[in-house]
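model.txt (compact mmCIF, C-alpha atoms and all ligand atoms) appears below.
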# COMPACT_ATOMS: atom_id res chain seq x y z
CA MET A 1 139.27 37.72 108.01
CA SER A 2 142.92 38.46 108.70
CA SER A 3 144.95 35.26 108.93
CA GLN A 4 147.37 37.12 111.25
CA ARG A 5 144.84 37.66 114.02
CA ALA A 6 143.73 34.86 116.37
CA LEU A 7 140.26 33.55 115.57
CA ARG A 8 137.85 34.84 118.24
CA VAL A 9 135.47 32.01 119.08
CA ALA A 10 132.11 31.94 120.88
CA VAL A 11 131.46 28.54 122.49
CA VAL A 12 127.72 27.84 122.75
CA GLY A 13 126.88 25.27 125.45
CA THR A 14 129.18 24.63 128.39
CA GLY A 15 128.33 21.04 129.34
CA THR A 16 130.93 18.22 129.15
CA MET A 17 131.87 18.83 125.50
CA GLY A 18 131.58 22.63 125.55
CA ALA A 19 133.73 22.97 128.66
CA ASP A 20 136.27 20.55 127.18
CA HIS A 21 136.42 22.62 123.98
CA VAL A 22 136.93 25.83 125.98
CA ARG A 23 139.85 24.16 127.79
CA ARG A 24 141.21 22.89 124.45
CA LEU A 25 140.97 26.31 122.75
CA ARG A 26 142.65 27.88 125.79
CA ASN A 27 145.49 25.39 126.31
CA VAL A 28 146.05 23.29 123.19
CA ILE A 29 144.95 25.08 120.02
CA SER A 30 147.02 27.76 118.34
CA GLY A 31 145.58 30.69 116.39
CA ALA A 32 142.34 30.97 118.36
CA ARG A 33 140.96 32.26 121.64
CA VAL A 34 137.60 32.05 123.37
CA THR A 35 135.98 35.48 123.62
CA ALA A 36 132.44 34.34 124.51
CA VAL A 37 130.76 31.44 126.28
CA VAL A 38 127.01 30.92 126.16
CA ASP A 39 124.79 28.82 128.41
CA ILE A 40 121.20 29.07 129.65
CA ASP A 41 122.76 28.39 133.04
CA ALA A 42 124.13 31.91 133.66
CA GLU A 43 126.20 30.83 136.66
CA ARG A 44 127.97 28.08 134.74
CA ALA A 45 128.72 30.42 131.82
CA LYS A 46 130.05 33.08 134.18
CA SER A 47 132.38 30.79 136.08
CA LEU A 48 133.86 29.51 132.79
CA ALA A 49 134.20 33.07 131.42
CA ASP A 50 135.85 34.26 134.66
CA ALA A 51 138.48 31.53 134.25
CA THR A 52 139.19 32.56 130.63
CA GLU A 53 141.05 35.76 129.85
CA GLY A 54 139.13 38.27 127.71
CA CYS A 55 135.96 36.18 127.70
CA THR A 56 132.35 37.35 128.23
CA ALA A 57 129.47 35.17 129.46
CA TYR A 58 126.09 35.22 127.67
CA THR A 59 122.82 33.33 128.05
CA GLU A 60 121.60 33.99 124.46
CA PRO A 61 123.54 32.61 121.45
CA ALA A 62 122.24 35.42 119.18
CA VAL A 63 123.57 38.11 121.52
CA ALA A 64 127.02 36.50 121.66
CA MET A 65 127.11 36.14 117.87
CA ALA A 66 126.32 39.85 117.48
CA ALA A 67 129.29 40.84 119.66
CA GLN A 68 132.12 42.75 117.96
CA ASP A 69 134.78 40.34 119.22
CA VAL A 70 133.28 37.13 117.80
CA ASP A 71 134.54 35.75 114.45
CA ALA A 72 133.35 32.14 114.64
CA VAL A 73 131.10 29.84 116.66
CA LEU A 74 131.58 26.42 118.22
CA ILE A 75 128.18 24.87 119.00
CA ALA A 76 128.21 22.27 121.78
CA SER A 77 124.71 22.72 123.22
CA PRO A 78 122.23 19.80 123.23
CA GLY A 79 121.13 18.66 119.73
CA PRO A 80 117.61 20.18 119.84
CA ALA A 81 119.16 23.67 120.31
CA HIS A 82 121.46 23.37 117.26
CA GLU A 83 119.08 24.44 114.48
CA ALA A 84 118.36 27.89 115.95
CA ALA A 85 122.05 28.54 116.66
CA LEU A 86 123.10 27.33 113.19
CA LEU A 87 120.50 29.49 111.41
CA GLU A 88 121.56 32.51 113.47
CA ALA A 89 125.25 31.95 112.62
CA LEU A 90 124.47 31.44 108.92
CA SER A 91 122.36 34.62 108.86
CA ARG A 92 125.51 36.43 110.05
CA ASP A 93 127.80 34.46 107.69
CA LEU A 94 129.83 33.23 110.69
CA PRO A 95 131.96 30.05 110.39
CA VAL A 96 130.71 27.23 112.63
CA LEU A 97 131.99 24.01 114.13
CA CYS A 98 128.84 22.19 115.30
CA GLU A 99 129.05 19.15 117.55
CA LYS A 100 127.13 16.13 116.31
CA PRO A 101 124.28 15.68 115.67
CA LEU A 102 123.91 18.58 113.21
CA THR A 103 120.22 18.58 114.24
CA PRO A 104 118.05 15.81 115.74
CA ASP A 105 116.07 15.00 112.58
CA ALA A 106 116.29 15.12 108.78
CA ALA A 107 113.66 17.88 108.32
CA SER A 108 115.55 20.36 110.52
CA ALA A 109 118.89 19.33 108.94
CA LEU A 110 117.34 20.10 105.55
CA ARG A 111 116.40 23.59 106.74
CA VAL A 112 120.06 24.18 107.66
CA LEU A 113 121.13 22.77 104.28
CA GLU A 114 118.78 25.22 102.55
CA ALA A 115 120.04 28.17 104.62
CA GLU A 116 123.67 27.41 103.74
CA GLN A 117 122.81 27.02 100.07
CA LYS A 118 121.05 30.38 100.13
CA LEU A 119 124.24 31.86 101.55
CA GLY A 120 126.00 30.38 98.53
CA HIS A 121 129.11 29.03 100.28
CA ARG A 122 129.91 26.47 102.93
CA ARG A 123 130.32 27.77 106.45
CA VAL A 124 129.54 24.81 108.71
CA GLN A 125 131.72 21.89 109.79
CA VAL A 126 130.06 19.05 111.74
CA GLY A 127 131.92 17.51 114.70
CA PHE A 128 132.37 14.00 113.40
CA MET A 129 135.75 13.79 115.14
CA ARG A 130 136.54 10.17 114.30
CA ARG A 131 137.62 11.42 110.86
CA TYR A 132 140.59 12.99 112.71
CA ASP A 133 141.56 9.93 114.76
CA ALA A 134 145.02 8.56 113.83
CA GLU A 135 143.80 4.95 113.54
CA TYR A 136 140.74 5.80 111.45
CA LEU A 137 142.95 7.95 109.19
CA LYS A 138 145.30 4.98 108.64
CA LEU A 139 142.36 2.72 107.84
CA LYS A 140 140.99 5.28 105.37
CA ARG A 141 144.40 5.61 103.70
CA LEU A 142 144.74 1.83 103.32
CA LEU A 143 141.27 1.50 101.80
CA ASP A 144 141.81 4.45 99.46
CA GLU A 145 145.17 3.07 98.26
CA GLY A 146 143.16 0.33 96.56
CA LYS A 147 145.65 -2.55 97.04
CA LEU A 148 143.12 -4.42 99.22
CA GLY A 149 140.42 -4.14 96.58
CA ARG A 150 136.83 -3.17 97.28
CA THR A 151 135.52 -3.15 100.86
CA LEU A 152 132.82 -5.81 101.09
CA MET A 153 131.94 -5.59 104.76
CA LEU A 154 132.67 -3.45 107.82
CA HIS A 155 132.31 -4.84 111.35
CA GLN A 156 132.17 -2.23 114.09
CA GLN A 157 131.87 -2.35 117.87
CA HIS A 158 131.00 0.69 119.97
CA ARG A 159 130.96 0.07 123.71
CA ASN A 160 130.36 2.60 126.48
CA PRO A 161 130.81 1.72 130.16
CA ALA A 162 127.46 3.35 131.08
CA MET A 163 125.17 6.10 129.84
CA PRO A 164 123.79 9.07 131.82
CA ALA A 165 120.35 8.61 133.44
CA TRP A 166 118.65 10.76 130.76
CA PHE A 167 119.98 8.64 127.89
CA THR A 168 117.11 6.99 125.95
CA GLU A 169 117.00 3.86 123.80
CA GLU A 170 116.65 6.05 120.67
CA MET A 171 119.88 7.79 121.61
CA LEU A 172 121.76 4.51 121.16
CA ILE A 173 121.07 5.19 117.47
CA ASN A 174 121.09 8.97 117.09
CA ASP A 175 123.73 9.86 119.69
CA SER A 176 126.06 6.83 119.52
CA VAL A 177 125.65 4.85 116.25
CA VAL A 178 125.54 8.19 114.41
CA HIS A 179 129.36 8.05 114.57
CA GLU A 180 129.44 4.71 112.72
CA MET A 181 127.00 6.15 110.17
CA ASP A 182 129.45 8.94 109.38
CA VAL A 183 132.50 6.65 109.50
CA THR A 184 130.81 4.22 107.09
CA ARG A 185 129.90 6.97 104.58
CA TRP A 186 133.39 8.49 104.85
CA LEU A 187 135.40 5.25 104.65
CA LEU A 188 133.40 3.72 101.81
CA GLY A 189 132.45 6.90 99.94
CA GLN A 190 128.90 5.55 99.65
CA GLU A 191 125.55 6.54 101.09
CA ILE A 192 123.74 4.19 103.47
CA THR A 193 120.54 3.04 101.78
CA ALA A 194 118.81 0.90 104.44
CA VAL A 195 119.01 0.15 108.17
CA THR A 196 117.84 -2.85 110.22
CA VAL A 197 118.11 -2.92 114.02
CA HIS A 198 118.13 -6.26 115.86
CA LYS A 199 117.88 -6.64 119.63
CA PRO A 200 119.39 -9.60 121.48
CA ALA A 201 118.18 -10.49 124.97
CA PRO A 202 119.17 -7.43 127.02
CA SER A 203 122.04 -7.33 129.47
CA ALA A 204 121.10 -7.35 133.16
CA GLN A 205 122.99 -4.01 133.29
CA ALA A 206 120.56 -2.36 130.83
CA PRO A 207 118.35 0.27 132.49
CA ALA A 208 114.60 -0.37 132.66
CA GLY A 209 112.95 0.39 129.31
CA MET A 210 116.17 0.11 127.28
CA SER A 211 117.10 -2.91 125.23
CA ASP A 212 120.90 -2.89 125.38
CA PRO A 213 123.04 -3.97 123.51
CA GLN A 214 121.69 -3.70 119.95
CA PHE A 215 122.94 -4.91 116.57
CA VAL A 216 122.55 -2.52 113.65
CA LEU A 217 122.93 -3.46 109.99
CA PHE A 218 123.53 -0.91 107.21
CA GLU A 219 123.25 -1.58 103.49
CA THR A 220 125.17 0.79 101.24
CA GLY A 221 124.74 2.15 97.72
CA ALA A 222 127.34 -0.19 96.18
CA GLY A 223 126.16 -3.29 98.07
CA ALA A 224 128.50 -3.40 101.09
CA LEU A 225 127.11 -4.76 104.37
CA VAL A 226 128.06 -2.98 107.59
CA ASP A 227 127.28 -4.15 111.12
CA VAL A 228 127.52 -2.18 114.34
CA GLU A 229 127.30 -3.58 117.84
CA ILE A 230 126.21 -0.75 120.12
CA PHE A 231 126.51 -1.49 123.83
CA GLY A 232 125.62 1.42 126.09
CA HIS A 233 126.29 -0.27 129.43
CA CYS A 234 129.12 -2.77 128.94
CA GLY A 235 130.44 -1.82 132.37
CA TYR A 236 134.16 -2.34 131.80
CA GLY A 237 135.32 0.71 129.81
CA TYR A 238 135.07 2.53 126.47
CA GLU A 239 135.95 0.64 123.30
CA VAL A 240 135.57 1.39 119.62
CA HIS A 241 136.71 -1.14 117.00
CA ALA A 242 136.36 -1.34 113.25
CA GLU A 243 137.34 -4.08 110.84
CA ALA A 244 137.16 -3.71 107.07
CA VAL A 245 136.84 -6.92 105.08
CA CYS A 246 138.17 -6.29 101.59
CA GLU A 247 138.65 -8.46 98.50
CA HIS A 248 142.38 -9.00 99.20
CA GLY A 249 142.74 -8.57 102.96
CA THR A 250 141.29 -7.20 106.17
CA VAL A 251 142.18 -4.20 108.34
CA ARG A 252 141.27 -3.86 112.02
CA ILE A 253 141.68 -0.80 114.25
CA GLY A 254 140.88 0.01 117.88
CA ASP A 255 142.98 -2.52 119.79
CA GLU A 256 146.22 -0.67 120.44
CA HIS A 257 145.82 2.01 123.08
CA GLY A 258 148.51 2.56 125.60
CA PRO A 259 151.29 0.17 126.51
CA ARG A 260 150.95 -3.60 126.68
CA VAL A 261 152.56 -4.70 129.91
CA SER A 262 154.01 -8.17 130.49
CA ALA A 263 154.66 -8.96 134.17
CA ASP A 264 153.98 -11.66 136.75
CA GLY A 265 153.32 -14.25 134.08
CA ARG A 266 150.57 -12.19 132.44
CA TRP A 267 150.28 -9.58 129.70
CA GLY A 268 147.68 -6.85 129.48
CA GLY A 269 146.76 -3.21 129.06
CA ARG A 270 144.22 -0.64 130.04
CA VAL A 271 140.80 0.07 128.52
CA THR A 272 140.13 3.82 128.16
CA PRO A 273 137.32 4.91 130.51
CA ASP A 274 135.42 7.25 128.16
CA TYR A 275 135.29 8.91 124.74
CA ILE A 276 136.85 12.15 125.99
CA GLU A 277 140.09 10.27 126.69
CA ARG A 278 139.89 7.77 123.79
CA PHE A 279 139.33 10.51 121.20
CA GLN A 280 141.25 13.34 122.86
CA ASP A 281 143.83 13.54 120.05
CA ALA A 282 141.09 13.39 117.43
CA TYR A 283 139.25 16.31 119.09
CA ASP A 284 142.50 18.30 119.25
CA ARG A 285 143.25 17.67 115.57
CA GLU A 286 139.65 18.39 114.57
CA VAL A 287 139.49 21.76 116.33
CA GLN A 288 142.99 22.79 115.13
CA ALA A 289 142.06 21.88 111.53
CA TRP A 290 138.82 23.88 111.85
CA VAL A 291 140.66 26.93 113.23
CA ASP A 292 143.33 26.75 110.50
CA ALA A 293 140.82 26.31 107.69
CA THR A 294 138.56 29.04 109.05
CA ARG A 295 141.47 31.50 109.19
CA ARG A 296 142.11 30.71 105.51
CA GLY A 297 138.40 31.28 104.80
CA GLU A 298 137.80 27.58 103.99
CA VAL A 299 135.71 24.64 105.24
CA THR A 300 137.65 21.39 104.94
CA GLY A 301 135.92 18.94 107.31
CA PRO A 302 132.59 17.09 107.20
CA GLY A 303 129.81 19.53 106.38
CA VAL A 304 126.07 20.08 106.39
CA TRP A 305 125.48 17.39 103.73
CA ASP A 306 127.21 14.84 105.99
CA GLY A 307 125.15 16.02 108.97
CA TYR A 308 121.93 15.78 106.95
CA ALA A 309 122.77 12.32 105.54
CA ALA A 310 123.53 11.03 109.06
CA ALA A 311 120.26 12.53 110.36
CA ALA A 312 118.32 10.72 107.61
CA VAL A 313 120.02 7.40 108.49
CA CYS A 314 119.28 8.03 112.20
CA GLU A 315 115.62 8.53 111.39
CA ALA A 316 115.49 5.21 109.50
CA GLY A 317 117.44 3.55 112.35
CA VAL A 318 115.09 4.76 115.07
CA LEU A 319 112.06 3.59 113.03
CA SER A 320 113.67 0.17 112.54
CA GLN A 321 114.49 0.02 116.26
CA ARG A 322 110.85 0.78 117.09
CA GLU A 323 109.16 -1.44 114.51
CA GLY A 324 111.69 -4.27 114.18
CA ARG A 325 111.88 -4.13 110.38
CA ARG A 326 114.28 -3.04 107.62
CA VAL A 327 113.82 0.64 106.78
CA GLU A 328 115.08 2.37 103.62
CA VAL A 329 116.84 5.72 103.94
CA GLU A 330 115.33 8.66 102.08
CA LEU A 331 117.71 11.38 100.90
CA VAL A 332 117.08 14.45 98.74
CA GLU A 333 119.35 14.87 95.72
CA ARG A 334 122.82 16.10 96.73
CA PRO A 335 123.02 19.83 95.93
CA ALA A 336 125.88 21.15 93.77
CA LEU A 337 127.40 23.01 96.76
CA TYR A 338 128.23 19.64 98.38
CA ARG A 339 129.48 17.66 95.39
C1 LIG B 401 128.53 10.51 122.93
O1 LIG B 401 127.63 11.57 122.75
C2 LIG B 401 129.60 10.57 121.90
O2 LIG B 401 129.60 11.33 120.98
C3 LIG B 401 130.59 9.49 122.00
O3 LIG B 401 131.60 9.61 121.04
C4 LIG B 401 129.89 8.16 121.85
O4 LIG B 401 130.80 7.12 121.99
C5 LIG B 401 128.80 8.02 122.91
O5 LIG B 401 128.14 6.79 122.72
C6 LIG B 401 127.82 9.17 122.79
O6 LIG B 401 126.83 9.05 123.79
In structure tokens, what does this structure look like?
Ligand code: ISE
Amino acid sequence: MSSQRALRVAVVGTGTMGADHVRRLRNVISGARVTAVVDIDAERAKSLADATEGCTAYTEPAVAMAAQDVDAVLIASPGPAHEAALLEALSRDLPVLCEKPLTPDAASALRVLEAEQKLGHRRVQVGFMRRYDAEYLKLKRLLDEGKLGRTLMLHQQHRNPAMPAWFTEEMLINDSVVHEMDVTRWLLGQEITAVTVHKPAPSAQAPAGMSDPQFVLFETGAGALVDVEIFGHCGYGYEVHAEAVCEHGTVRIGDEHGPRVSADGRWGGRVTPDYIERFQDAYDREVQAWVDATRRGEVTGPGVWDGYAAAAVCEAGVLSQREGRRVEVELVERPALYR
């Protein structure tokens, strides 16, 4: 692929994230342009394509991927549609940025892992965008420096103001806590070995049939303990915090967004309303890094192994959530391609 030419991207799925990525590729990212958008909703795809210069609308991912003017694929369709799109892209040796989750379960993630191994080189980056957030990057740097010693515990809070009507209790684990699974593996450089989900008395704001909030405990390979409060309907805004407790100090992120205003005898600030705003910079950096690496013929971000490992932890988490017991995570041996 010529590094001179702009990367021609097909965006598969034009819901909230897909449409936001089209806007980002159009207005923010350099070195790329959107030449195809795909959605089963033909009208929605067409209106997005009409607003994007040189862009064609499709309803079938495979047809868009076969087009002459497509070099790479950004998958932002719902999780259950990812496997087919990923296998199609890999069969054509096309570079992919796939929104999380890689796939909804470990068995399908393994099939993608096998397809990429058969290809013999890495082609897929998974959209774990928190790895590109400025605060998370600072936390990672501090932990990696080593001056604070080993990380013994991580405390994390993940609060959403409300979830869409179709959001299920299981999705608290595999759509929301999946981010903390990846962050934990990335920050500590360890696999998660067991998951236990606890449920306090639910909030009156929790929808019928959903116990919300929940408290999730991870155990890791080297014996760290990691807790995650997931609150899907906290009502007041979107907040993500993390605190690492190390042998010689602690590091906390997630408190400092926007200005702190002192006036009228009070001080205060604003809570971001949603993840699109809170992680906007991280999404921008993630997509720019993917475009740059792809134009160099490389994959530099989280890959299929990370997507598979998170899917395996999700599976254990959902079982623990259902049965109220500690569940061990089962992983296949890490293939050479991902070491
Ligand atoms: C959503 O799908 C995301 O990925 C957000 O980052 C997360 O905070 C939210 O809980 C999920 O539903």
So that I can see what lies close to Ser91 of chain A, please list as a tab-separated table (two decimals) with C-alpha atoms, keeping the file's coordinate frame the residues with an atom at most 9 Å from it, counting all atoms listed in the file and leaving out residues fewer than 2 positions away in the same chain.
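Printed below is out_1.tsv as written:
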chain	number	residue	atom	x	y	z
A	86	LEU	CA	123.10	27.33	113.19
A	87	LEU	CA	120.50	29.49	111.41
A	88	GLU	CA	121.56	32.51	113.47
A	89	ALA	CA	125.25	31.95	112.62
A	93	ASP	CA	127.80	34.46	107.69
A	94	LEU	CA	129.83	33.23	110.69
A	115	ALA	CA	120.04	28.17	104.62
A	116	GLU	CA	123.67	27.41	103.74
A	119	LEU	CA	124.24	31.86	101.55
Which residues of chain A have any atom within 7 Å of an atom in ligand LIG 401 (chain B) when counting only C-alpha atoms and all ligand atoms, and what is the closest pair of atoms for each, with the distance in Å to one decimal? Order the rows by chain and rising number and write it as a tab-separated table.
residue	atom	partner	partner_atom	distance
A:His158	CA	B:LIG401	O4	6.7
A:Asn160	CA	B:LIG401	O5	6.1
A:Met163	CA	B:LIG401	O6	6.9
A:Leu172	CA	B:LIG401	O5	7.0
A:Asp175	CA	B:LIG401	C6	5.2
A:Ser176	CA	B:LIG401	O5	3.8
A:Gly232	CA	B:LIG401	O5	6.8
A:Tyr275	CA	B:LIG401	O3	5.3
Problem - Residue contacts of Glu243 of chain A (10 Å, only C-alpha atoms) excluding same-chain residues fewer than 2 positions away, as number ranges by chain - result: A: 139, 153-157, 226, 241, 245-246, 250-254
Handout entry: Contacts of segment 11-28 of chain A at 7 Å (all atoms listed in the file; same-chain gap of 2+ positions) as a ChimeraX atom specification
Key = /A:9,30,32-34,36-39,45,61,73-77
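The gap separating atom CA of Val112 of chain A from atom CA of Val299 of chain A is 15.8 Å, in Å to one decimal.
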Exercise for the section: Just the residues within 8 Å of Leu225 of chain A, please, counting all atoms listed in the file, with nothing from its chain fewer than 4 positions along; format it as an MDAnalysis selection string. Expected result: chainID A and resid 152:154 217:220
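Proximity to Tyr338 of chain A was assessed for A:Glu256, A:Asp71, A:Glu114, A:Glu170 counting only C-alpha atoms; the smallest distance is recorded for A:Glu114.
Proximity ranking of A:Pro104, A:Gly301, A:Gly324, A:Gly54 relative to Phe215 of chain A places A:Gly324 first, based on all atoms listed in the file.
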Tell me, as a PDB file with C-alpha atoms, in the coordinates of the input, which residues lie within 10 Å of Arg111 of chain A, counting only C-alpha atoms; anything in the same chain fewer than 5 positions away does not count.
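Printed below is part11.pdb as written:
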ATOM      1  CA  GLU A  83     119.080  24.440 114.480  1.00  0.00           C
ATOM      2  CA  LEU A  87     120.500  29.490 111.410  1.00  0.00           C
ATOM      3  CA  THR A 103     120.220  18.580 114.240  1.00  0.00           C
ATOM      4  CA  ALA A 106     116.290  15.120 108.780  1.00  0.00           C
ATOM      5  CA  GLU A 116     123.670  27.410 103.740  1.00  0.00           C
ATOM      6  CA  GLN A 117     122.810  27.020 100.070  1.00  0.00           C
ATOM      7  CA  TYR A 308     121.930  15.780 106.950  1.00  0.00           C
TER       8      TYR A 308
END
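Each of A:Thr56, A:Pro213, A:Phe128, A:Val70 was compared to Phe279 of chain A using all atoms listed in the file, and A:Phe128 turns out to be the nearest.
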Please, could all heavy atoms be added to segment 256-265 of chain A and the result written as a CSV table (one decimal), keeping the file's coordinate frame?
chain,number,residue,atom,x,y,z
A,256,GLU,N,144.9,-1.0,119.9
A,256,GLU,CA,146.2,-0.7,120.4
A,256,GLU,C,146.2,0.7,121.1
A,256,GLU,O,146.6,1.7,120.5
A,256,GLU,CB,147.2,-0.7,119.3
A,256,GLU,CG,147.4,-2.0,118.6
A,256,GLU,CD,148.0,-3.1,119.6
A,256,GLU,OE1,148.7,-2.7,120.5
A,256,GLU,OE2,147.6,-4.3,119.4
A,257,HIS,N,145.7,0.7,122.3
A,257,HIS,CA,145.8,2.0,123.1
A,257,HIS,C,146.7,1.8,124.3
A,257,HIS,O,146.4,1.0,125.2
A,257,HIS,CB,144.4,2.5,123.4
A,257,HIS,CG,143.7,2.9,122.2
A,257,HIS,ND1,144.0,4.1,121.6
A,257,HIS,CD2,142.8,2.3,121.5
A,257,HIS,CE1,143.3,4.2,120.5
A,257,HIS,NE2,142.5,3.1,120.4
A,258,GLY,N,147.7,2.6,124.4
A,258,GLY,CA,148.5,2.6,125.6
A,258,GLY,C,149.4,1.4,125.5
A,258,GLY,O,149.3,0.5,124.7
A,259,PRO,N,150.3,1.2,126.5
A,259,PRO,CA,151.3,0.2,126.5
A,259,PRO,C,150.7,-1.2,126.9
A,259,PRO,O,149.7,-1.3,127.6
A,259,PRO,CB,152.3,0.6,127.6
A,259,PRO,CG,151.5,1.5,128.5
A,259,PRO,CD,150.4,2.1,127.7
A,260,ARG,N,151.3,-2.2,126.3
A,260,ARG,CA,151.0,-3.6,126.7
A,260,ARG,C,152.0,-4.1,127.7
A,260,ARG,O,153.2,-4.1,127.3
A,260,ARG,CB,151.0,-4.5,125.4
A,260,ARG,CG,150.4,-5.9,125.7
A,260,ARG,CD,150.4,-6.7,124.5
A,260,ARG,NE,151.4,-7.8,124.6
A,260,ARG,CZ,151.4,-8.9,123.9
A,260,ARG,NH1,150.5,-9.1,122.9
A,260,ARG,NH2,152.3,-9.8,124.1
A,261,VAL,N,151.6,-4.4,128.9
A,261,VAL,CA,152.6,-4.7,129.9
A,261,VAL,C,152.6,-6.2,130.1
A,261,VAL,O,151.6,-6.9,130.3
A,261,VAL,CB,152.2,-4.0,131.2
A,261,VAL,CG1,153.1,-4.4,132.4
A,261,VAL,CG2,152.1,-2.5,131.1
A,262,SER,N,153.8,-6.8,130.1
A,262,SER,CA,154.0,-8.2,130.5
A,262,SER,C,154.7,-8.2,131.8
A,262,SER,O,155.8,-7.7,132.0
A,262,SER,CB,154.9,-8.9,129.5
A,262,SER,OG,154.3,-8.8,128.2
A,263,ALA,N,154.1,-8.8,132.8
A,263,ALA,CA,154.7,-9.0,134.2
A,263,ALA,C,153.9,-10.0,134.9
A,263,ALA,O,152.7,-10.3,134.7
A,263,ALA,CB,154.6,-7.6,134.9
A,264,ASP,N,154.6,-10.6,135.9
A,264,ASP,CA,154.0,-11.7,136.8
A,264,ASP,C,153.3,-12.8,136.0
A,264,ASP,O,152.2,-13.2,136.3
A,264,ASP,CB,153.0,-11.0,137.7
A,264,ASP,CG,153.6,-10.0,138.6
A,264,ASP,OD1,154.8,-10.2,139.0
A,264,ASP,OD2,153.0,-8.9,138.9
A,265,GLY,N,153.9,-13.2,134.9
A,265,GLY,CA,153.3,-14.2,134.1
A,265,GLY,C,152.0,-13.9,133.3
A,265,GLY,O,151.3,-14.8,132.9
